[in-house]
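Note sheet for the following structure.
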Amino acid sequence: MEKLIIHGGKRLRGRIRVSGSKNAALPILLSAILVDGPVRYLNVPRLRDINTANRLLDILGCPAAFEAPASDASEYDPGGHTVRAEVQELKPEAPYDLVKTMRASVLVLGPLLARLGLAKVALPGGCAIGARPVELHLKALERMGAEFKLDSGYIIGRCKKLHGADISFDFPTVGGTENLLMAASLADGETILRNAAREPEVSDLAHFLNACGARISGIGSDTLYIEGVDKLSGCSYLIMPDRIEAGTFMAAAAITGGELELESCPSESLSKVIDKMEDMGARFKIAESDTDHSFVDGRPHSVTVSMDGPLKSSDISTAPYPGFPTDMQAQFMAMMSLARGSGTVEENIFENRFMHVPELNRMGADIRLSGSRAVVHGVKKLTGAPVMASDLRASASLVLAGLAAKGETHVQRIYHLDRGYERIENKLRAVGAEIVRARDDS
Ligand code: EPZ
């Protein structure tokens with residue numbers, strides 16, 4: 001196992017390039033199953049979950065791999081962030097030992113049914129943050145003609161040919177919307193998805209599918225219209241930047257009282273996060289940037305974050321997009337721990353997404369939990385301590401706390417962190433953090 005050792009108290013200053021979005025890249029990579037011919041994905045982040053997705057595609061008969069080994073150059077290496085995938089001979093089974101490490105594997109259900117009329121996908125277990133059921137995915141696919149049975153922990157789905165349907169989700173599920181977008185792209189007739197998720201990553205998937213010849217409209221709204229086509233053809237596609245990685249580095253600037261320029265920063269999709277950080281005393285400068293590889297929607301774009309005085313507390317309540325993102329809740333909790341005053345955090349998306357709280361309290365935070373609500377009383381300082389990561393965003397929260405704490409923090413089990421953050425210690429060290437990765441024999 002590995003850990004991060006952080007000596008806190010340094011104000012971060014400098015420029016960080018935001019990587020491609022994990023939560024856009026995963027469904028977009030897996031939708032290669034739908035496509036005839038090679039696909040080239042640009043700006044793919046080098047993450048554990050992406051390696052898992054490439055392995056899953058290999059197993060399913062659609063080999064996928066990064067085009068060139070990532071060079072160790074500190075500069076962005078386009079070759080090392082390009083993935084090429086192409087369907088050879090599709091197979092229907094996504095095995096448990098792989099699905100259990102990445103529940104987003106369930107996103108192969110729609111594409112396999114659309115291409116093969118058969119899918120055998122291990123039921124994704126729950127994870128640290130909740131049970132994570134997929135009944136909304138299955139109910140919607142049944143409306144399109146699929147039949148499912150559960151056998152020895154596997155979902156087995158069959159269909160003759162998926163047909164269009166008018167579907168309304170009980171909840172705007174991100175994964176459910178993505179599975180149905182992919183399935184409907186090759187179905188007979190028109191599908192309407194109502195109460196669909198509006199997350200930018202869902203829109204990025206829809207844009208990719210359209211680039212391959214799909215006919216999707218209503219992108220970005222809560223009602224998506226998909227006119228099924230006979231086939232999708234390969235193309236090259238640029239993955240959008242990661243808004244949650246960007247938000248995490250914004251929080252790093254704020255919690256250390258530093259100033260960071262974030263290149264390729266999707267500020268439009270972070271408006272609720274930016275508003276809340278401004279309430280807490282952060283200052284933002286959004287500028288066109290001159291570097292060639294920073295972009296958002298094709299336009300050069302950078303955001304500079306700094307603090308205008310001490311952190312002031314605020315209240316957050318997580319909601320589906322365009323509400324405040326649940327994936328930024330833990331990072332905000334770390335900031336609020338050191339803010340003046342008290343604030344409340346309502347977690348409305350996942351039933352167990354407060355695993356970072358006991359660890360933050362061990363560092364001297366004063367956070368009290370009651371069901372889906374946390375009350376954070378700001379304290380003057382946090383003290384470094386050995387802490388345990390439990391899930392991806394909880395790990396990020398502990399790193400942020402360690403950057404601001406007095407003394408040394410050891411964040412253990414950072415394989416959680418590596419799922420969603422590309423070389424985070426290198427990026428933070430480059431802007432002044434005292435942070436190293438070390439073996440953890442504890
Ligand atoms: C995606 O998960 C993201 N993962 C999550 O990011 C993110 O937190 C979440 O959307 C919400 O924004 C990826 O994109 C790979 P949901 P997903 O389906 O698709 C319940 C991260 O840190 N639900 O919108 O699983 C579910 O249990 C990860 O990057 C059902 O009850 O999110 C959860 O409580 C964590 N039944 C809520 O809805 C269903 O059939 C949101 O789930 C589907 C979902």
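Ordering of the structure tokens sets the chain letters (A, B, ...), residue numbers begin anew at 1 in every chain, and ligands are numbered from 1 in the order given.
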
May I have a table of the residues of chain A lying at most 9 Å from ligand 1, giving each one's closest pair of atoms and their distance in Å to one decimal, counting only C-alpha atoms and all ligand atoms, ordered by chain and ascending residue number, as a Markdown table?
| residue | atom | partner | partner_atom_place_in_ligand_line | distance |
| --- | --- | --- | --- | --- |
| A:Lys22 | CA | ligand 1 | 29 (O) | 7.1 |
| A:Asn23 | CA | ligand 1 | 14 (O) | 4.1 |
| A:Ala24 | CA | ligand 1 | 14 (O) | 6.8 |
| A:Ala25 | CA | ligand 1 | 15 (C) | 8.8 |
| A:Leu26 | CA | ligand 1 | 15 (C) | 6.4 |
| A:Pro27 | CA | ligand 1 | 15 (C) | 7.5 |
| A:Asp49 | CA | ligand 1 | 15 (C) | 8.9 |
| A:Met102 | CA | ligand 1 | 15 (C) | 8.4 |
| A:Arg103 | CA | ligand 1 | 25 (O) | 7.7 |
| A:Ala104 | CA | ligand 1 | 15 (C) | 5.1 |
| A:Ser105 | CA | ligand 1 | 15 (C) | 8.7 |
| A:Leu107 | CA | ligand 1 | 19 (O) | 8.8 |
| A:Gly126 | CA | ligand 1 | 27 (O) | 8.5 |
| A:Ile129 | CA | ligand 1 | 35 (C) | 7.8 |
| A:Gly130 | CA | ligand 1 | 27 (O) | 6.3 |
| A:Ala131 | CA | ligand 1 | 27 (O) | 5.8 |
| A:Arg132 | CA | ligand 1 | 27 (O) | 3.5 |
| A:Pro133 | CA | ligand 1 | 36 (N) | 4.6 |
| A:Val134 | CA | ligand 1 | 40 (O) | 3.2 |
| A:Glu135 | CA | ligand 1 | 40 (O) | 4.1 |
| A:Leu136 | CA | ligand 1 | 40 (O) | 3.5 |
| A:His137 | CA | ligand 1 | 40 (O) | 5.1 |
| A:Leu138 | CA | ligand 1 | 40 (O) | 7.4 |
| A:Lys139 | CA | ligand 1 | 40 (O) | 8.4 |
| A:Asp170 | CA | ligand 1 | 36 (N) | 8.9 |
| A:Phe171 | CA | ligand 1 | 38 (O) | 6.8 |
| A:Pro172 | CA | ligand 1 | 24 (O) | 6.2 |
| A:Thr173 | CA | ligand 1 | 24 (O) | 3.5 |
| A:Val174 | CA | ligand 1 | 24 (O) | 3.8 |
| A:Gly175 | CA | ligand 1 | 19 (O) | 3.3 |
| A:Gly176 | CA | ligand 1 | 18 (O) | 5.7 |
| A:Thr177 | CA | ligand 1 | 18 (O) | 8.0 |
| A:Glu178 | CA | ligand 1 | 19 (O) | 8.0 |
| A:Ala197 | CA | ligand 1 | 24 (O) | 7.2 |
| A:Glu199 | CA | ligand 1 | 12 (O) | 7.2 |
| A:Glu201 | CA | ligand 1 | 14 (O) | 7.4 |
| A:Val202 | CA | ligand 1 | 14 (O) | 8.4 |
| A:Ile244 | CA | ligand 1 | 29 (O) | 7.7 |
| A:Ala319 | CA | ligand 1 | 12 (O) | 8.2 |
| A:Pro320 | CA | ligand 1 | 12 (O) | 6.3 |
| A:Tyr321 | CA | ligand 1 | 12 (O) | 7.4 |
| A:Pro325 | CA | ligand 1 | 12 (O) | 6.4 |
| A:Thr326 | CA | ligand 1 | 8 (O) | 5.7 |
| A:Asp327 | CA | ligand 1 | 8 (O) | 5.1 |
| A:Met328 | CA | ligand 1 | 22 (O) | 8.4 |
| A:Asn348 | CA | ligand 1 | 34 (O) | 8.1 |
| A:Ile349 | CA | ligand 1 | 34 (O) | 4.9 |
| A:Phe350 | CA | ligand 1 | 34 (O) | 4.1 |
| A:Glu351 | CA | ligand 1 | 34 (O) | 6.4 |
| A:Asn352 | CA | ligand 1 | 34 (O) | 9.0 |
| A:Asp391 | CA | ligand 1 | 22 (O) | 7.9 |
| A:Leu392 | CA | ligand 1 | 22 (O) | 5.7 |
| A:Arg393 | CA | ligand 1 | 22 (O) | 5.6 |
| A:Ala394 | CA | ligand 1 | 22 (O) | 8.9 |
| A:Arg419 | CA | ligand 1 | 29 (O) | 8.6 |
| A:Gly420 | CA | ligand 1 | 29 (O) | 6.7 |

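Shell of A:Leu150 at 10 Å, with only C-alpha atoms counted and residues fewer than 6 places along the chain excluded, is Lys120, Val121, Ala122, Leu123, Ile156 and Gly157 of chain A.
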
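Residue nearest A:Ala374, chosen from A:Met355, A:Ala183, A:Met388, A:Ala165 and counting only C-alpha atoms: A:Met355.
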
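With only C-alpha atoms as the atoms that count, the residue of A:Pro69, A:Pro200, A:Pro386, A:Gly37 with the shortest distance to A:Val87 is A:Gly37.
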
- Contacts of A:Ala246 at 12 Å or less, counting only C-alpha atoms, minus same-chain residues fewer than 6 places along, as a ChimeraX atom specification? /A:15-22,240,252-253,260-270,273-274,302-305,327-328,331,396,420-422,424,427

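Taking only C-alpha atoms, the non-local environment of A:Ala146 within 8 Å (same-chain residues fewer than 4 positions away omitted) comprises Leu113, Leu141, Glu142, Gly157, Arg158, Cys159, Lys160 and Leu162 of chain A.
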